[in-house]
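Enquirer: I have a structure here, written as structure tokens, and I will follow up with some questions on it.
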Amino acid sequence: MDQIEELLGVTRELGRDRFLPRAAEYDRDGRFPTENYADLRDAGFLGLVIPREYGGLGVSYADYARISAELGFWCGTTALTFNMHTSSMLWSGALADDLPMTETQRRQHNENRSRIYAGVVEAGHIFAQPFSEPNSAAAAGKAPFGTEATAVEGGFRISGRKHFASLSGHADYYGVLCTLAGAEAPSASNTVYLAVAKDAPGFSIHGDWDVLGMRGTVSRNLLFEDVFVEPGAQLLPTGLYYQAARDWPHMFMTLCPTYMGIARAAFDFTCRYLRGELDGAPPAGAALHSPTKQYAVANMRIKLEQAEALFQRAISEARFQPAKSQRLRAYATQYTVMEYANELCREAIRVCGGRAIFKNLRLERLYRDSRCGSLMLPWTPDICIERLGAESLSGE
Ligand SMILES: Cc1cc2nc3c(=O)[nH]c(=O)nc-3n(C[C@H](O)[C@H](O)[C@H](O)COP(=O)(O)OP(=O)(O)OC[C@H]3O[C@@H](n4cnc5c(N)ncnc54)[C@H](O)[C@@H]3O)c2cc1C
């Protein structure tokens with residue numbers, strides 16, 4: 001068995017035996033899935049994409065996306081938060097390896113990440129990835145970040161606010177995207193990406209998180225008041241986030257697998273519900289043989305296969321400087337998966353009927369979680385549509 005099959009098998013077992021049984025409680029209480037993270041840590045998954053020479057499992061982007069979708073099948077909250085951690089490792093790992101750097105930058109980056117990765121692999125450090133700010137333009141990729149980092153003697157001082165920071169209060173480090181202060185006009189090309197420790201003086205967490213779906217992500221507000229970090233806290237050299245966003249665009253598609261998993265789960269639920277196979281659900285009834293229900297299920301399957309085909313193709317095309325057609329396909333994939341995940345959940349409720357919406361079953365949670373996919377910047381369905389339309393017509 002190759003590595004990815006083995007890891008998918010571990011994910012499936014953890015999901016089926018532990019994450020799914022715990023999911024309703026995390027959702028009901030809006031509680032972070034701490035116990036799931038202990039299981040992921042014990043399975044070595046915190047270092048999933050960390051390169052092998054740094055003690056990780058060295059899993060590729062595409063294989064991580066497959067694992068993330070499997071996680072999403074069992075628990076959306078766990079998959080989405082785990083993505084914040086894992087994509088932080090991916091950006092500073094395999095993605096950074098593809099980016100051009102000077103020799104000094106490369107040496108410094110390797111030194112920084114060897115310390116950061118040791119903390120993850122040996123001490124189980126968990127990373128959050130707060131880039132969203134109350135003014136969404138920066139997270140949408142249309143303006144510099146409002147959070148500022150000022151270079152000072154021996155490091156940086158950070159001031160600003162982030163919102164929707166998943167893993168709030170449950171991460172050891174927060175990977176914060178900031179604009180380097182001092183230039184005449186703030187510019188996205190001056191973005192610095194800094195890891196702030198949970199107990200750094202001046203760092204605090206605010207607000208509540210009582211929301212529709214993805215309730216266990218605990219995505220609260222962060223305040224940085226003159227927070228000091230050392231230069232070694234840089235997760236990427238100055239300016240390289242900007243370059244990554246431009247030249248490694250699939251870096252923003254890692255939120256999509258969670259919702260691919262939810263789409264699969266909605267379809268699986270529908271078939272098993274109608275066949276009368278689910279604990280707590282009614283036995284199979286007339287609906288199983290109804291041509292109308294069969295037609296609806298066939299349509300769901302067609303949508304799922306369409307999303308799946310695009311998803312598998314797009315993750316295999318993720319690379320440094322992809323062709324324009326590959327980048328546009330990534331937008332189309334994000335759009336399709338985020339929107340179809342919710343459409344499939346909506347259809348599943350209509351097809352299964354009233355007794356399927358009780359909270360002892362998972363469908364109503366899938367439905368609420370699935371709606372959140374379209375809210376995720378920078379690649380919301382609206383932004384994907386904007387780019388697909390404009391760039392398809394630009395003719396280059
Ligand atoms: C469950 C969940 C977890 C999240 N976790 C994280 C996380 O860990 N880290 C993180 O950084 N963020 C996270 N986010 C935040 C997310 O990516 C968005 O930044 C946030 O939802 C934006 O809030 P808003 O839609 O109210 O923004 P608003 O600015 O009020 O936007 C209103 C609407 O306009 C759209 N919009 C905004 N700006 C533009 C633009 N320039 N062009 C076109 N359309 C635009 C928005 O997509 C939205 O539809 C999370 C969100 C959710 C729902």
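Here's how to read the names in the structure tokens: chain A, B, ... by the order shown, residue numbers from 1 in each chain, ligand numbers from 1 in the order shown.
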Could you pull out the residues sitting within 7 Å of ligand 1, using only C-alpha atoms and all ligand atoms, and write them as a PyMOL selection string?
Expert: chain A and resi 81+84+128-137+139-140+142+163-167+213-214+217+219+372+375-378+380+382-383
Enquirer: Using only C-alpha atoms, determine which residues lie at most 10 Å from Phe82 (chain A), disregarding the query and same-chain residues fewer than 2 positions distant; provide the list as a ChimeraX atom specification.
Expert: /A:36-37,40,45-46,68,71-72,76-80,84-88,126-128,166-167,217,255,258
Enquirer: Counting only C-alpha atoms, figure out which residue out of A:Trp209, A:Phe252, A:Phe358, A:Phe224 gets nearest to Asp29 (chain A).
Expert: A:Trp209
Enquirer: Quick one: everything within 9 Å of Arg28 (chain A), counting only C-alpha atoms, minus sequence neighbours fewer than 5 positions away in the same chain. Send it as number ranges by chain.
Expert: A: 23, 215-216
Enquirer: Using only C-alpha atoms for the distances, tell me which of A:Gly280, A:Glu317, A:Ala65, A:Val351 is nearest to Tyr295 (chain A).
Expert: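 Among the listed residues, the smallest separation from Tyr295 (chain A) belongs to A:Val351.
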Enquirer: Contacts between region 259-279 of chain A and region 286-352 of chain A, please, where a residue of region 286-352 of chain A counts if it comes within 7 Å (with only C-alpha atoms); show its shortest atom pair and distance in Å to one decimal, rows by chain and ascending number, as CSV.
Expert:
residue,atom,partner,partner_atom,distance
A:Ala287,CA,A:Leu274,CA,6.7
A:Leu288,CA,A:Leu274,CA,5.5
A:Met300,CA,A:Phe267,CA,6.9
A:Leu304,CA,A:Ala263,CA,6.9
A:Val337,CA,A:Met260,CA,5.9
A:Met338,CA,A:Tyr259,CA,6.2
A:Ala341,CA,A:Ala263,CA,4.3
A:Leu344,CA,A:Ala263,CA,6.2
A:Cys345,CA,A:Ala266,CA,5.4
A:Ala348,CA,A:Thr270,CA,5.7
A:Cys352,CA,A:Thr270,CA,6.4
Enquirer: For those residues, write C-alpha atoms to a file as a tab-separated table (two decimals), in the first residue's frame.
Expert:
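What ended up in out.tsv:
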chain	number	residue	atom	x	y	z
A	287	ALA	CA	-39.44	6.65	-1.45
A	288	LEU	CA	-36.77	4.06	-2.29
A	300	MET	CA	-27.39	14.69	-7.17
A	304	LEU	CA	-21.29	15.26	-7.32
A	337	VAL	CA	-17.43	22.75	-5.03
A	338	MET	CA	-18.55	25.55	-2.68
A	341	ALA	CA	-21.84	21.29	-1.62
A	344	LEU	CA	-26.45	18.84	-2.61
A	345	CYS	CA	-27.27	19.34	1.08
A	348	ALA	CA	-30.71	15.90	0.26
A	352	CYS	CA	-35.13	12.54	2.33
Enquirer: Using only C-alpha atoms, find the one residue out of A:Cys75, A:Pro291, A:Pro231, A:Asp208 that sits nearest to Leu363 (chain A).
Expert: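 With only C-alpha atoms as the atom set, the closest residue is A:Cys75.
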Enquirer: What is the CA of Thr333 (chain A)-CA of Glu364 (chain A) distance in Å, reported with one decimal?
Expert: 24.5 Å
Enquirer: Please provide as a ChimeraX atom specification all residues within 10 Å of region 53-55 of chain A, with the sequence filter that same-chain residues fewer than 4 positions apart are discarded (counting only C-alpha atoms).
Expert: /A:44,47-48,93,110,113-118,120-122
Enquirer: Would you mind writing down, as a PyMOL selection string, each residue of region 119-256 of chain A that DSSP on the backbone assigns to helix (DSSP H, G or I)?
Expert: chain A and resi 119-123+188-190+215-217+231-233+240-247+249-253+256
Enquirer: Between A:Ala390, A:Ala185, A:Leu240, A:Ala62, single out the one closest to Arg106 (chain A), counting only C-alpha atoms.
Expert: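 Checking each of A:Ala390, A:Ala185, A:Leu240, A:Ala62 against Arg106 (chain A), counting only C-alpha atoms, the winner is A:Leu240.
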Enquirer: Using only C-alpha atoms, which of the listed residues (A:Tyr340, A:Tyr241, A:Tyr331, A:Trp91) sits closest to Cys384 (chain A)?
Expert: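 Using only C-alpha atoms, the shortest distance to Cys384 (chain A) belongs to A:Tyr331.
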Enquirer: Using only C-alpha atoms for the distances, tell me which of A:Ala151, A:Leu8, A:Val196, A:Ala94 is nearest to Leu180 (chain A).
Expert: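 Result for the nearest residue to Leu180 (chain A): A:Ala151.
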